[in-house]
$ cat model07.txt   # compact mmCIF, C-alpha atoms and all ligand atoms
# COMPACT_ATOMS: atom_id res chain seq x y z
CA MET A 82 -12.87 34.89 -13.63
CA PRO A 83 -12.43 36.40 -10.15
CA SER A 84 -10.44 34.15 -7.89
CA SER A 85 -11.88 33.34 -4.49
CA ASN A 86 -12.34 30.14 -2.52
CA ARG A 87 -15.95 29.71 -3.55
CA PRO A 88 -15.61 28.59 -7.16
CA ASP A 89 -12.79 26.24 -6.15
CA ARG A 90 -14.87 24.55 -3.49
CA GLY A 91 -17.43 24.10 -6.22
CA ALA A 92 -14.75 22.60 -8.41
CA ARG A 93 -13.85 20.05 -5.76
CA ASN A 94 -17.49 19.04 -5.39
CA LYS A 95 -17.87 18.69 -9.16
CA LEU A 96 -14.71 16.59 -9.38
CA ARG A 97 -15.76 14.38 -6.47
CA GLU A 98 -19.12 13.76 -8.07
CA PHE A 99 -17.50 13.02 -11.43
CA PHE A 100 -15.00 10.56 -9.94
CA LEU A 101 -17.72 8.82 -7.94
CA SER A 102 -19.84 8.32 -11.04
CA ASN A 103 -16.84 6.98 -13.00
CA VAL A 104 -15.35 4.43 -10.61
CA GLY A 105 -12.77 2.23 -12.31
CA LYS A 106 -12.65 4.33 -15.48
CA ILE A 107 -9.56 6.09 -16.80
CA LEU A 108 -10.11 9.84 -16.81
CA ASP A 109 -7.73 12.22 -18.55
CA SER A 110 -6.59 15.61 -17.38
CA GLY A 111 -8.47 17.50 -20.12
CA THR A 112 -11.80 16.02 -19.03
CA LEU A 113 -11.08 16.75 -15.36
CA ARG A 114 -10.13 20.34 -16.18
CA ASP A 115 -13.39 20.80 -18.10
CA ILE A 116 -15.44 19.30 -15.28
CA ALA A 117 -13.74 21.45 -12.65
CA GLY A 118 -13.84 24.57 -14.82
CA THR A 119 -10.65 25.86 -13.25
CA SER A 120 -6.90 25.69 -13.85
CA GLU A 121 -6.65 24.66 -10.18
CA TRP A 122 -8.24 21.28 -10.93
CA GLY A 123 -5.01 19.40 -10.17
CA ARG A 124 -4.87 20.82 -6.66
CA ARG A 125 -8.51 19.89 -6.10
CA VAL A 126 -7.83 16.32 -7.21
CA ARG A 127 -4.93 16.14 -4.74
CA GLU A 128 -7.25 17.37 -1.99
CA LEU A 129 -9.77 14.65 -2.80
CA ARG A 130 -6.97 12.14 -2.56
CA ASN A 131 -5.01 13.49 0.40
CA GLU A 132 -7.67 15.15 2.53
CA GLU A 133 -10.73 13.06 1.76
CA GLY A 134 -8.82 9.83 1.22
CA LEU A 135 -10.38 8.94 -2.14
CA ASN A 136 -8.55 6.04 -3.76
CA ILE A 137 -7.49 8.01 -6.84
CA VAL A 138 -4.41 6.63 -8.61
CA THR A 139 -2.11 8.04 -11.31
CA HIS A 140 0.76 6.70 -13.40
CA ASN A 141 2.88 7.04 -10.26
CA ASP A 142 0.81 4.33 -8.63
CA ARG A 143 0.02 2.08 -11.57
CA SER A 144 2.03 1.19 -14.63
CA ASP A 145 -1.08 0.78 -16.80
CA LEU A 146 -1.84 4.50 -16.51
CA LYS A 147 -0.12 7.15 -18.61
CA PRO A 148 0.89 10.57 -17.31
CA GLY A 149 -2.21 12.75 -17.16
CA GLN A 150 -4.53 9.83 -16.51
CA TYR A 151 -6.44 9.39 -13.27
CA MET A 152 -8.68 6.69 -11.88
CA LEU A 153 -10.83 6.30 -8.81
CA VAL A 154 -10.11 2.62 -8.26
CA ASP A 155 -12.95 1.82 -5.87
CA LEU A 156 -14.93 3.33 -3.04
CA THR A 157 -12.53 2.38 -0.27
CA THR A 158 -10.98 5.41 1.34
CA ILE A 159 -7.52 5.64 2.76
CA PRO A 160 -7.98 5.85 6.54
CA SER A 161 -7.49 9.30 7.99
CA PHE A 162 -4.78 8.05 10.36
CA GLU A 163 -2.61 7.36 7.37
CA ARG A 164 -2.82 10.80 5.87
CA GLY A 165 -0.40 12.45 8.25
CA ILE A 166 2.39 10.06 7.27
CA SER A 167 4.81 11.49 4.72
CA LYS A 168 5.47 9.91 1.35
CA GLU A 169 9.07 9.29 2.42
CA THR A 170 8.08 7.46 5.60
CA ARG A 171 5.56 5.36 3.66
CA ALA A 172 8.28 4.41 1.18
CA ILE A 173 10.76 3.54 3.94
CA VAL A 174 8.23 1.36 5.79
CA LEU A 175 7.02 -0.45 2.65
CA ASP A 176 10.58 -1.12 1.52
CA ARG A 177 11.70 -2.30 4.96
CA ASP A 178 8.67 -4.62 5.16
CA GLY A 179 9.38 -5.99 1.69
CA PHE A 180 6.00 -4.77 0.33
CA THR A 181 4.42 -7.54 2.38
CA CYS A 182 1.58 -7.36 4.88
CA GLN A 183 3.20 -7.83 8.28
CA VAL A 184 0.12 -9.54 9.65
CA CYS A 185 -0.83 -12.17 7.05
CA GLY A 186 2.24 -12.13 4.79
CA VAL A 187 0.51 -11.41 1.50
CA GLY A 188 2.52 -9.31 -0.98
CA ALA A 189 1.40 -6.05 -2.62
CA GLY A 190 -0.48 -6.77 -5.85
CA GLU A 191 -0.99 -10.46 -5.04
CA ILE A 192 -4.50 -11.87 -5.00
CA HIS A 193 -5.55 -12.03 -1.37
CA PRO A 194 -6.76 -15.51 -0.32
CA TYR A 195 -9.41 -13.95 1.92
CA ASP A 196 -11.34 -11.77 -0.54
CA GLY A 197 -9.81 -12.71 -3.91
CA ARG A 198 -8.89 -9.13 -4.61
CA LYS A 199 -5.58 -7.56 -5.53
CA THR A 200 -3.78 -6.66 -2.34
CA ARG A 201 -3.33 -3.04 -1.52
CA LEU A 202 -0.98 -2.20 1.33
CA HIS A 203 -1.62 0.46 3.91
CA ILE A 204 0.62 1.84 6.58
CA GLY A 205 -0.61 0.86 10.02
CA HIS A 206 0.44 1.78 13.53
CA ILE A 207 1.83 -0.96 15.77
CA VAL A 208 0.88 0.96 18.91
CA ASP A 209 -2.33 2.77 18.00
CA LYS A 210 -2.25 6.55 17.88
CA SER A 211 -5.06 6.67 20.42
CA MET A 212 -2.75 4.76 22.78
CA GLY A 213 0.03 7.27 22.28
CA GLY A 214 1.75 5.55 19.35
CA SER A 215 3.85 7.81 17.13
CA ASP A 216 4.05 8.28 13.35
CA ASP A 217 7.71 7.25 13.56
CA SER A 218 8.67 4.50 11.11
CA GLY A 219 9.54 2.29 14.11
CA ASN A 220 5.89 2.31 15.09
CA LEU A 221 4.61 1.69 11.57
CA ARG A 222 4.20 -1.43 9.47
CA ALA A 223 2.78 -2.49 6.13
CA VAL A 224 -0.72 -3.95 6.48
CA CYS A 225 -3.08 -5.11 3.73
CA SER A 226 -6.66 -3.86 3.47
CA VAL A 227 -8.04 -7.15 4.78
CA CYS A 228 -5.91 -7.11 7.93
CA ASN A 229 -6.38 -3.39 8.27
CA GLU A 230 -10.12 -3.94 8.47
CA GLY A 231 -9.63 -6.53 11.18
CA ALA A 232 -10.47 -9.59 9.10
CA SER A 233 -6.98 -11.01 9.48
CA ASN A 234 -7.89 -13.22 12.43
CA LEU A 235 -10.19 -15.12 10.11
CA THR A 236 -7.37 -15.90 7.70
CA LEU A 237 -3.84 -16.51 8.84
CA ASN A 238 -2.13 -15.96 12.12
CA ARG A 239 1.51 -15.06 11.98
CA PRO A 240 3.24 -18.44 12.43
CA ASP A 241 5.97 -18.93 14.97
CA THR A 242 9.38 -20.16 13.85
CA ILE A 243 8.80 -23.80 14.78
CA LYS A 244 5.51 -24.03 12.89
CA LEU A 245 7.02 -22.14 9.98
CA LYS A 246 9.96 -24.56 9.75
CA ALA A 247 7.58 -27.49 9.91
CA GLN A 248 5.60 -26.06 7.03
CA VAL A 249 8.73 -25.54 4.95
CA ARG A 250 10.01 -29.06 5.69
CA ARG A 251 6.76 -30.54 4.45
CA ALA A 252 7.00 -28.62 1.19
CA PRO A 253 8.59 -30.32 -1.87
CA ASN A 254 12.32 -29.66 -2.33
CA ARG A 255 11.56 -27.60 -5.41
CA ASP A 256 9.46 -25.23 -3.28
CA GLN A 257 12.08 -25.17 -0.54
CA ILE A 258 14.67 -24.05 -3.10
CA GLU A 259 12.25 -21.34 -4.24
CA ILE A 260 12.01 -20.12 -0.65
CA LEU A 261 15.79 -20.25 -0.32
CA LYS A 262 16.19 -18.12 -3.45
CA TRP A 263 13.60 -15.68 -2.24
CA LEU A 264 15.32 -15.32 1.14
CA ILE A 265 18.77 -14.90 -0.44
CA ASP A 266 17.32 -12.20 -2.66
CA LYS A 267 15.67 -10.51 0.29
CA PHE A 268 18.66 -10.74 2.65
CA PRO A 269 21.79 -10.55 0.46
CA PHE A 270 24.07 -9.20 3.21
CA GLU A 271 22.83 -11.58 5.87
CA THR A 272 23.24 -14.46 3.41
CA ASN A 273 26.85 -13.50 2.86
CA ASP A 274 27.55 -13.32 6.59
CA ILE A 275 25.83 -16.62 7.28
CA VAL A 276 27.67 -18.42 4.48
CA LYS A 277 30.97 -16.95 5.67
CA SER A 278 30.39 -18.00 9.27
CA MET A 279 29.37 -21.51 8.17
CA LYS A 280 32.57 -21.86 6.15
CA GLY A 281 34.57 -20.53 9.10
CA GLU A 282 33.11 -23.14 11.39
CA SER A 283 33.73 -26.07 9.08
CA SER A 284 37.36 -25.21 8.28
ZN ZN A 301 -2.78 -8.91 5.63

$ encode --input "model07.txt" --output "structure tokens" --more "lines below"
Ligand SMILES: [Zn+2]
Amino acid sequence: MPSSNRPDRGARNKLREFFLSNVGKILDSGTLRDIAGTSEWGRRVRELRNEEGLNIVTHNDRSDLKPGQYMLVDLTTIPSFERGISKETRAIVLDRDGFTCQVCGVGAGEIHPYDGRKTRLHIGHIVDKSMGGSDDSGNLRAVCSVCNEGASNLTLNRPDTIKLKAQVRRAPNRDQIEILKWLIDKFPFETNDIVKSMKGESS
């Protein structure tokens, strides 16, 4: 088969159509290769994901998929502003933010109280790119789909410290201990320092 751009563009169209008519189904690499009719099918799938923002996942994204399996999860697309951000930066931001939406506090994979769906985190800009904000990790934060789409104001506002403490105080001791454990796990070094300084003060 002569190699030119034409048949490959066709392959991408065929793959897009196939994914769109099989939303939520596990598709294996053999099927995708047959549909695309080219050995370049993998590159075309990456383009659908990275350039067009289709929500296609692999075993790297989900533990229930095996290598060579692909799935178009739903028809939401990853916003174009996110595409320029490198994998490394994404990973740094998500890790720093504890895989938690920085607007409403819901964790990745948790059922979102607003729409009852599993939470998917995006990387959002703190200062919007249109306002001159950079793609630097300092200007990025983890945001869930709900908050990303601007629905966050309808759910939870980020509480201030006083309100947050009041909420925790009202919770049963058992829940307070859970929060303590979670915080110790999240901030091991800070915990050490705080405990040390508390001991220092009391002795
Ligand atoms: Zn959120």

$ atom_distance --input "model07.txt" --atom1 "CA of Phe268 (chain A)" --atom2 "CA of Phe180 (chain A)"
14.2 Å

$ residues_near_ligand --input "model07.txt" --ligand "ligand ZN 301 (chain A)" --cutoff "6 Å" --atoms "only C-alpha atoms and all ligand atoms" --output "number ranges by chain"
A: 182, 184-185, 187, 224-225, 227-228

$ atom_distance --input "model07.txt" --atom1 "CA of Glu121 (chain A)" --atom2 "CA of Asp142 (chain A)"
21.7 Å

$ residues_around --input "model07.txt" --residues "region 152-156 of chain A" --least-positions-apart "4" --cutoff "10 Å" --atoms "only C-alpha atoms" --output "number ranges by chain"
A: 97, 99-109, 130, 134-140, 143, 146

$ residues_around --input "model07.txt" --residues "Lys267 (chain A)" --least-positions-apart "3" --cutoff "8 Å" --atoms "only C-alpha atoms" --output "ChimeraX atom specification"
/A:179,263-264

$ residues_around --input "model07.txt" --residues "Ile116 (chain A)" --least-positions-apart "5" --cutoff "8 Å" --atoms "all atoms listed in the file" --output "list in words"
Ala92, Lys95, Leu96 and Phe99 of chain A

$ atom_distance --input "model07.txt" --atom1 "CA of Thr112 (chain A)" --atom2 "CA of Glu132 (chain A)"
22.0 Å

$ residues_around --input "model07.txt" --residues "region 164-172 of chain A" --least-positions-apart "3" --cutoff "9 Å" --atoms "only C-alpha atoms" --output "number ranges by chain"
A: 131-132, 134, 159-161, 175-177, 203-204, 216-218, 221, 223

$ residues_around --input "model07.txt" --residues "Ser110 (chain A)" --least-positions-apart "4" --cutoff "8 Å" --atoms "all atoms listed in the file" --output "MDAnalysis selection string"
chainID A and resid 114 149:151

$ write_last_selection --input "model07.txt" --atoms "C-alpha atoms" --output "PDB file, keeping the file's coordinate frame"
ATOM      1  CA  ARG A 114     -10.130  20.340 -16.180  1.00  0.00           C
ATOM      2  CA  GLY A 149      -2.210  12.750 -17.160  1.00  0.00           C
ATOM      3  CA  GLN A 150      -4.530   9.830 -16.510  1.00  0.00           C
ATOM      4  CA  TYR A 151      -6.440   9.390 -13.270  1.00  0.00           C
TER       5      TYR A 151
END
